[in-house]
$ cat final-v4.cif   # mmCIF, C-alpha atoms
data_my_file
loop_
_atom_site.label_atom_id
_atom_site.label_comp_id
_atom_site.auth_asym_id
_atom_site.auth_seq_id
_atom_site.Cartn_x
_atom_site.Cartn_y
_atom_site.Cartn_z
CA MET D 91 0.00 0.00 0.00
CA ILE D 92 1.22 3.43 -0.88
CA GLN D 93 1.50 5.71 2.07
CA ARG D 94 0.23 9.23 1.66
CA THR D 95 3.45 10.68 2.98
CA GLU D 96 5.39 8.97 0.21
CA CYS D 97 3.32 10.74 -2.40
CA ALA D 98 3.66 14.15 -0.87
CA PRO D 99 5.72 16.36 -3.14
CA GLN D 100 8.86 17.83 -1.76
CA LEU D 101 8.81 21.47 -0.89
CA PRO D 102 10.50 23.47 -3.62
CA ALA D 103 13.59 25.26 -2.43
CA THR D 104 13.92 28.69 -3.95
CA SER D 105 16.90 30.94 -4.08
CA PHE D 106 17.16 33.61 -1.42
CA SER D 107 19.55 36.31 -2.51
CA PHE D 108 21.21 39.25 -0.82
CA SER D 109 22.27 42.20 -2.94
CA ILE D 110 23.20 45.86 -2.97
CA LEU D 111 20.93 48.08 -5.05
CA ILE D 112 22.20 51.35 -6.47
CA ASP D 113 19.47 53.30 -8.18
CA SER D 114 18.73 56.75 -9.40
CA PRO D 115 16.62 58.75 -8.85
CA MET D 116 14.77 57.37 -5.89
CA ARG D 117 12.53 59.43 -3.62
CA ARG D 118 12.87 62.66 -5.45
CA ASP D 119 9.97 65.05 -5.73
CA LEU D 120 9.60 64.49 -9.43
CA PRO D 121 6.27 63.65 -11.03
CA PHE D 122 7.91 61.49 -13.66
CA SER D 123 11.46 60.45 -13.94
CA PRO D 124 13.18 57.51 -15.54
CA VAL D 125 14.81 55.23 -13.02
CA SER D 126 17.86 53.11 -13.59
CA ALA D 127 19.39 50.70 -11.15
CA MET D 128 22.43 48.53 -10.76
CA ILE D 129 22.22 45.40 -8.63
CA LEU D 130 25.38 43.96 -7.12
CA PRO D 131 24.65 40.44 -5.90
CA ILE D 132 26.54 39.35 -2.80
CA ALA D 133 25.28 35.87 -2.03
CA SER D 134 22.36 33.53 -2.53
CA THR D 135 21.31 30.24 -1.07
CA GLU D 136 18.54 27.73 -1.57
CA ILE D 137 15.95 27.56 1.16
CA GLU D 138 12.28 26.65 1.39
CA PHE D 139 9.62 29.31 1.67
CA ALA D 140 12.11 32.08 0.97
CA SER D 141 9.38 34.45 -0.17
CA MET D 142 7.70 34.07 3.20
CA ILE D 143 10.69 35.80 4.79
CA VAL D 144 10.11 38.80 2.56
CA ALA D 145 6.40 38.68 3.33
CA GLY D 146 7.20 38.59 7.05
CA LEU D 147 9.45 41.62 6.71
CA ASP D 148 6.72 43.48 4.83
CA VAL D 149 4.17 42.66 7.48
CA LEU D 150 6.50 43.71 10.29
CA MET D 151 7.40 47.05 8.71
CA THR D 152 3.79 47.78 7.80
CA PHE D 153 2.76 47.00 11.36
CA LEU D 154 5.38 49.34 12.79
CA PHE D 155 4.31 52.20 10.54
CA LYS D 156 0.56 51.68 10.52
CA ARG D 157 0.31 51.32 14.28
CA SER D 158 1.86 54.77 14.66
CA LEU D 159 4.87 53.37 16.41
CA ALA D 160 7.05 55.43 14.15
CA HIS D 161 6.74 57.98 11.41
CA PRO D 162 7.94 57.01 7.97
CA PRO D 163 11.20 58.69 7.04
CA ASN D 164 10.95 62.03 5.27
CA ILE D 165 7.18 62.21 5.32
CA ASN D 166 5.69 65.32 3.73
CA ARG D 167 8.95 66.94 2.87
CA PRO D 168 7.84 69.79 0.64
CA THR D 169 10.26 71.87 -1.28
CA PRO D 170 10.68 75.42 0.02
CA ASP D 171 8.79 76.74 -3.00
CA HIS D 172 5.65 74.96 -1.88
CA TYR D 173 5.50 76.24 1.67
CA PRO D 174 2.31 78.24 2.28
CA ILE D 175 2.92 81.83 3.23
CA THR D 176 0.69 83.25 5.94
CA LEU D 177 0.45 87.01 6.09
CA THR D 178 -0.64 89.03 9.07
CA LEU D 179 -3.21 91.77 8.58
CA PRO D 180 -0.65 94.64 8.58
CA GLN D 181 1.44 92.72 6.08
CA LEU D 182 -1.63 92.18 3.89
CA THR D 183 -2.48 95.86 4.08
CA GLN D 184 1.06 96.77 3.17
CA LEU D 185 0.93 94.34 0.27
CA MET D 186 -2.31 95.84 -0.99
CA GLN D 187 -0.91 99.36 -0.76
CA ALA D 188 2.17 98.27 -2.63
CA ALA D 189 -0.04 96.68 -5.28
CA ILE D 190 -1.99 99.90 -5.69
CA TYR D 191 1.20 101.82 -6.34
CA GLY D 192 2.56 99.05 -8.57
CA GLN D 193 5.49 98.23 -6.34
CA ILE D 194 5.05 94.49 -6.18
CA PRO D 195 8.16 92.88 -7.56
CA VAL D 196 7.24 90.81 -10.55
CA GLN D 197 9.11 87.57 -10.92
CA SER D 198 11.55 87.98 -13.69
CA PRO D 199 11.48 85.45 -16.50
CA ALA D 200 13.98 82.65 -16.52
CA GLN D 201 17.45 83.86 -17.13
CA PHE D 202 19.59 82.28 -19.77
CA VAL D 203 22.34 80.16 -18.29
CA PRO D 204 25.31 79.25 -20.47
CA GLY D 205 25.31 75.57 -21.27
CA GLN D 206 21.72 75.09 -20.23
CA GLY D 207 19.08 74.71 -22.90
CA PHE D 208 15.89 76.66 -23.11
CA GLY D 209 12.84 74.57 -23.91
CA PRO D 210 9.29 75.58 -24.79
CA VAL D 211 8.20 75.52 -21.12
CA GLY D 212 11.28 77.06 -19.56
CA THR D 213 14.86 76.21 -18.96
CA ASP D 214 16.00 72.65 -19.22
CA GLU D 215 16.81 70.61 -16.16
CA PRO D 216 20.40 71.12 -15.14
CA LEU D 217 22.68 68.18 -15.56
CA PHE D 218 23.47 67.42 -11.95
CA PRO D 219 20.41 67.53 -9.70
CA ASP D 220 19.77 63.83 -9.91
CA ASN D 221 19.73 61.47 -7.03
CA LEU D 222 21.73 58.38 -6.19
CA SER D 223 20.58 56.03 -3.49
CA VAL D 224 22.06 52.84 -2.12
CA SER D 225 19.92 50.11 -0.60
CA LEU D 226 20.23 46.60 0.68
CA VAL D 227 17.95 44.05 -0.95
CA VAL D 228 16.83 40.58 -0.02
CA ALA D 229 14.95 38.92 -2.85
CA ALA D 230 13.24 35.59 -3.26
CA PRO D 231 11.05 34.12 -5.98
CA PHE D 232 7.92 32.16 -5.17
CA ALA D 233 8.94 29.09 -7.13
CA PRO D 234 12.21 27.78 -8.51
CA PHE D 235 11.23 27.77 -12.19
CA ASP D 236 12.27 30.46 -14.60
CA GLY D 237 9.73 33.21 -14.90
CA SER D 238 8.42 32.84 -11.41
CA PRO D 239 7.08 35.95 -9.72
CA ASP D 240 9.73 37.50 -7.59
CA THR D 241 9.58 39.58 -4.47
CA SER D 242 12.10 41.76 -2.76
CA PHE D 243 12.56 43.92 0.31
CA ASN D 244 14.67 47.06 0.17
CA VAL D 245 16.28 48.89 3.04
CA PRO D 246 17.52 52.35 2.09
CA LEU D 247 20.99 53.02 3.42
CA PHE D 248 21.75 56.49 2.18
CA GLU D 249 21.13 58.80 -0.74
CA ILE D 250 23.15 61.52 -2.35
CA PRO D 251 21.00 64.13 -4.07
CA GLY D 252 22.82 66.42 -6.40
CA VAL D 253 24.97 63.90 -8.21
CA PRO D 254 24.39 62.65 -11.77
CA GLY D 255 23.10 59.27 -10.63
CA ASN D 256 21.94 58.03 -14.01
CA LEU D 257 25.32 58.76 -15.54
CA ILE D 258 27.16 57.10 -12.66
CA ILE D 259 25.01 53.98 -12.97
CA ALA D 260 25.45 53.93 -16.75
CA LEU D 261 29.22 54.20 -16.34
CA GLY D 262 29.23 51.46 -13.69
CA VAL D 263 27.18 49.15 -15.89
CA ILE D 264 29.48 49.74 -18.85
CA ILE D 265 32.57 49.00 -16.74
CA ALA D 266 30.96 45.87 -15.27
CA GLN D 267 29.97 44.65 -18.74
CA PHE D 268 33.48 45.27 -19.98
CA TYR D 269 35.12 43.34 -17.15
CA ILE D 270 32.69 40.44 -17.44
CA GLU D 271 33.21 40.19 -21.17
CA ARG D 272 36.99 40.40 -20.88
CA SER D 273 37.26 37.95 -18.00
CA GLY D 274 35.22 35.29 -19.78
CA THR D 275 32.86 34.64 -16.92
CA ALA D 276 29.88 35.20 -19.19
CA ILE D 277 30.82 32.19 -21.31
CA THR D 278 28.78 29.15 -20.40
CA ASN D 279 30.75 26.26 -18.88
CA GLY D 280 33.93 28.19 -19.39
CA ASN D 281 34.70 26.21 -22.56
CA GLY D 282 35.15 29.21 -24.77
CA GLY D 283 32.07 28.42 -26.78
CA ASN D 284 29.76 30.82 -28.41
CA GLY D 285 27.90 31.57 -25.23
CA ILE D 286 24.92 29.34 -25.93
CA ALA D 287 23.89 27.37 -22.88
CA THR D 288 23.99 23.61 -23.26
CA PHE D 289 21.93 21.42 -21.03
CA MET C 230 29.57 77.33 -15.12
CA LYS C 231 27.26 78.09 -12.23
CA LEU C 232 23.89 76.41 -12.27
CA ASP C 233 20.90 78.22 -10.92
CA GLY C 234 19.74 76.69 -7.66
CA TYR C 235 22.33 73.94 -7.55
CA ARG C 236 24.05 73.66 -4.19
CA GLY C 237 26.19 70.64 -4.85
CA PRO C 238 25.79 67.07 -3.71
CA SER C 239 24.68 66.35 -0.20
CA PHE C 240 24.53 63.22 1.91
CA ILE C 241 21.30 62.00 3.45
CA ASN C 242 21.52 59.15 5.91
CA ASP C 243 18.44 56.97 5.76
CA VAL C 244 19.50 54.28 8.22
CA SER C 245 19.33 56.59 11.19
CA HIS C 246 15.56 56.33 11.34
CA PRO C 247 14.67 53.77 14.02
CA VAL C 248 12.36 51.61 11.95
CA THR C 249 14.74 51.66 9.02
CA PHE C 250 17.49 50.67 11.41
CA ILE C 251 15.41 47.73 12.64
CA ALA C 252 14.85 46.64 9.05
CA PHE C 253 18.56 47.17 8.36
CA LEU C 254 19.53 44.93 11.26
CA ILE C 255 17.12 42.21 10.16
CA VAL C 256 18.35 42.37 6.57
CA ILE C 257 21.99 42.40 7.68
CA ILE C 258 21.40 39.32 9.83
CA LEU C 259 19.62 37.54 6.97
CA GLY C 260 22.25 38.65 4.49
CA GLY C 261 25.09 37.61 6.76
CA TRP C 262 23.54 34.21 7.22
CA VAL C 263 23.05 33.85 3.45
CA THR C 264 26.63 34.97 2.85
CA VAL C 265 28.01 32.46 5.34
CA CYS C 266 25.90 29.69 3.79
CA ALA C 267 26.94 30.59 0.27
CA TRP C 268 30.63 31.29 0.73
CA PHE C 269 31.72 28.84 3.44
#
$ encode --input "final-v4.cif" --output "structure tokens"
Amino acid sequence: MIQRTECAPQLPATSFSFSILIDSPMRRDLPFSPVSAMILPIASTEIEFASMIVAGLDVLMTFLFKRSLAHPPNINRPTPDHYPITLTLPQLTQLMQAAIYGQIPVQSPAQFVPGQGFGPVGTDEPLFPDNLSVSLVVAAPFAPFDGSPDTSFNVPLFEIPGVPGNLIIALGVIIAQFYIERSGTAITNGNGGNGIATF
Amino acid sequence: MKLDGYRGPSFINDVSHPVTFIAFLIVIILGGWVTVCAWF
């Protein structure tokens, strides 16, 4: 007789990986911005229910924030241009008198800056005010087959606003691609073949 | 060339927030365990 426990399928062990994520721009007050990232894998291992670890981390962090045990970092950080200005009554009277006499300073149009383009809606974005942030990532797929849904948990370490993050990441990716191509680690089985995987 | 409104790069530490630090410790422990399992 076949026992039920003999027929039970083995639990699939999925890969649980630990990486460093460098991305740009992250958490900038931009309505739309292209984001690029570079992932530096450190280690990975095969364990069962790896995605449940990520789910547990998500639940724990959501509990800490939603139960008002802590405020999320950098909540409601408006730019100085968006701060509301509250005038007292004498200040409002003074402003109205100045408006009557035409003494309100009108904001001058955008000045031309050498090296900075001038588009149809104003000056172009300067080159440098991008953002570069570094995070730690643990990632785990739900199942060990290719194409499985994946999940990850990021912990922000630090960010450096004001640096050309996209250009730094592009340069890092180009250097990494160059070293991998030159060292031959991208060749399957290390046999110097044409790079096609053989199973 | 001086850019208008650009004050140079600055450093923002995100780990100093207590909850982020808790998550950082958990992830470091998990990552250290994974690293030990994978490398040794």
$ closest_residue --input "final-v4.cif" --among "C:Phe269, C:Phe240, C:Trp262, C:Phe250" --to "chain D" --atoms "only C-alpha atoms"
C:Phe240
$ resolve_selection --input "final-v4.cif" --expression "the PyMOL selection byres ((chain C) within 6 of (chain D))" --output "PyMOL selection string"
chain C and resi 237-244+260+264+267
$ atom_distance --input "final-v4.cif" --atom1 "atom CA of Thr104 of chain D" --atom2 "atom CA of Pro234 of chain D"
5.0 Å
$ atom_distance --input "final-v4.cif" --atom1 "atom CA of Leu261 of chain D" --atom2 "atom CA of Ser242 of chain D"
25.1 Å
$ atom_distance --input "final-v4.cif" --atom1 "atom CA of Pro131 of chain D" --atom2 "atom CA of Gly237 of chain D"
18.9 Å
$ axis_aligned_box --input "final-v4.cif" --around "segment 256-262 of chain C" --padding-each-side "8 Å" --output "AutoDock Vina command-line options"
--center_x 21.7 --center_y 38.3 --center_z 7.2 --size_x 22.7 --size_y 24.2 --size_z 21.3
$ closest_residue --input "final-v4.cif" --among "D:Ala276, D:Val149, D:Leu111, D:Ile259" --to "Ala252 of chain C" --atoms "all atoms listed in the file"
D:Val149
$ build_atoms --input "final-v4.cif" --residues "segment 241-264 of chain C" --atoms "N, CA and C atoms" --output "short mmCIF file (atom, residue, chain, number, x, y, z; two decimals), keeping the file's coordinate frame"
data_model
loop_
_atom_site.label_atom_id
_atom_site.label_comp_id
_atom_site.auth_asym_id
_atom_site.auth_seq_id
_atom_site.Cartn_x
_atom_site.Cartn_y
_atom_site.Cartn_z
N ILE C 241 22.46 62.22 2.58
CA ILE C 241 21.30 62.00 3.45
C ILE C 241 21.37 60.58 3.98
N ASN C 242 21.45 60.47 5.28
CA ASN C 242 21.52 59.15 5.91
C ASN C 242 20.11 58.65 6.17
N ASP C 243 19.77 57.53 5.59
CA ASP C 243 18.44 56.97 5.76
C ASP C 243 18.37 55.91 6.85
N VAL C 244 19.51 55.38 7.24
CA VAL C 244 19.50 54.28 8.22
C VAL C 244 19.25 54.79 9.63
N SER C 245 19.43 56.08 9.82
CA SER C 245 19.33 56.59 11.19
C SER C 245 17.91 56.57 11.73
N HIS C 246 16.94 56.44 10.86
CA HIS C 246 15.56 56.33 11.34
C HIS C 246 15.39 55.00 12.07
N PRO C 247 14.70 55.00 13.21
CA PRO C 247 14.67 53.77 14.02
C PRO C 247 14.07 52.56 13.32
N VAL C 248 12.97 52.76 12.62
CA VAL C 248 12.36 51.61 11.95
C VAL C 248 13.24 51.12 10.80
N THR C 249 13.81 52.06 10.08
CA THR C 249 14.74 51.66 9.02
C THR C 249 15.93 50.93 9.61
N PHE C 250 16.35 51.35 10.78
CA PHE C 250 17.49 50.67 11.41
C PHE C 250 17.11 49.25 11.84
N ILE C 251 15.87 49.09 12.31
CA ILE C 251 15.41 47.73 12.64
C ILE C 251 15.41 46.85 11.39
N ALA C 252 14.86 47.40 10.31
CA ALA C 252 14.85 46.64 9.05
C ALA C 252 16.27 46.36 8.57
N PHE C 253 17.16 47.36 8.77
CA PHE C 253 18.56 47.17 8.36
C PHE C 253 19.20 46.04 9.16
N LEU C 254 18.95 46.00 10.45
CA LEU C 254 19.53 44.93 11.26
C LEU C 254 19.01 43.56 10.83
N ILE C 255 17.69 43.49 10.58
CA ILE C 255 17.12 42.21 10.16
C ILE C 255 17.73 41.77 8.82
N VAL C 256 17.82 42.71 7.89
CA VAL C 256 18.35 42.37 6.57
C VAL C 256 19.84 42.02 6.65
N ILE C 257 20.57 42.71 7.51
CA ILE C 257 21.99 42.40 7.68
C ILE C 257 22.17 41.00 8.27
N ILE C 258 21.32 40.67 9.24
CA ILE C 258 21.40 39.32 9.83
C ILE C 258 21.07 38.26 8.79
N LEU C 259 19.98 38.49 8.02
CA LEU C 259 19.62 37.54 6.97
C LEU C 259 20.72 37.46 5.92
N GLY C 260 21.21 38.63 5.51
CA GLY C 260 22.25 38.65 4.49
C GLY C 260 23.55 38.02 4.97
N GLY C 261 23.89 38.24 6.22
CA GLY C 261 25.09 37.61 6.76
C GLY C 261 24.95 36.10 6.82
N TRP C 262 23.77 35.66 7.20
CA TRP C 262 23.54 34.21 7.22
C TRP C 262 23.62 33.62 5.81
N VAL C 263 23.00 34.31 4.84
CA VAL C 263 23.05 33.85 3.45
C VAL C 263 24.49 33.86 2.94
N THR C 264 25.23 34.88 3.29
CA THR C 264 26.63 34.97 2.85
C THR C 264 27.46 33.84 3.44
#
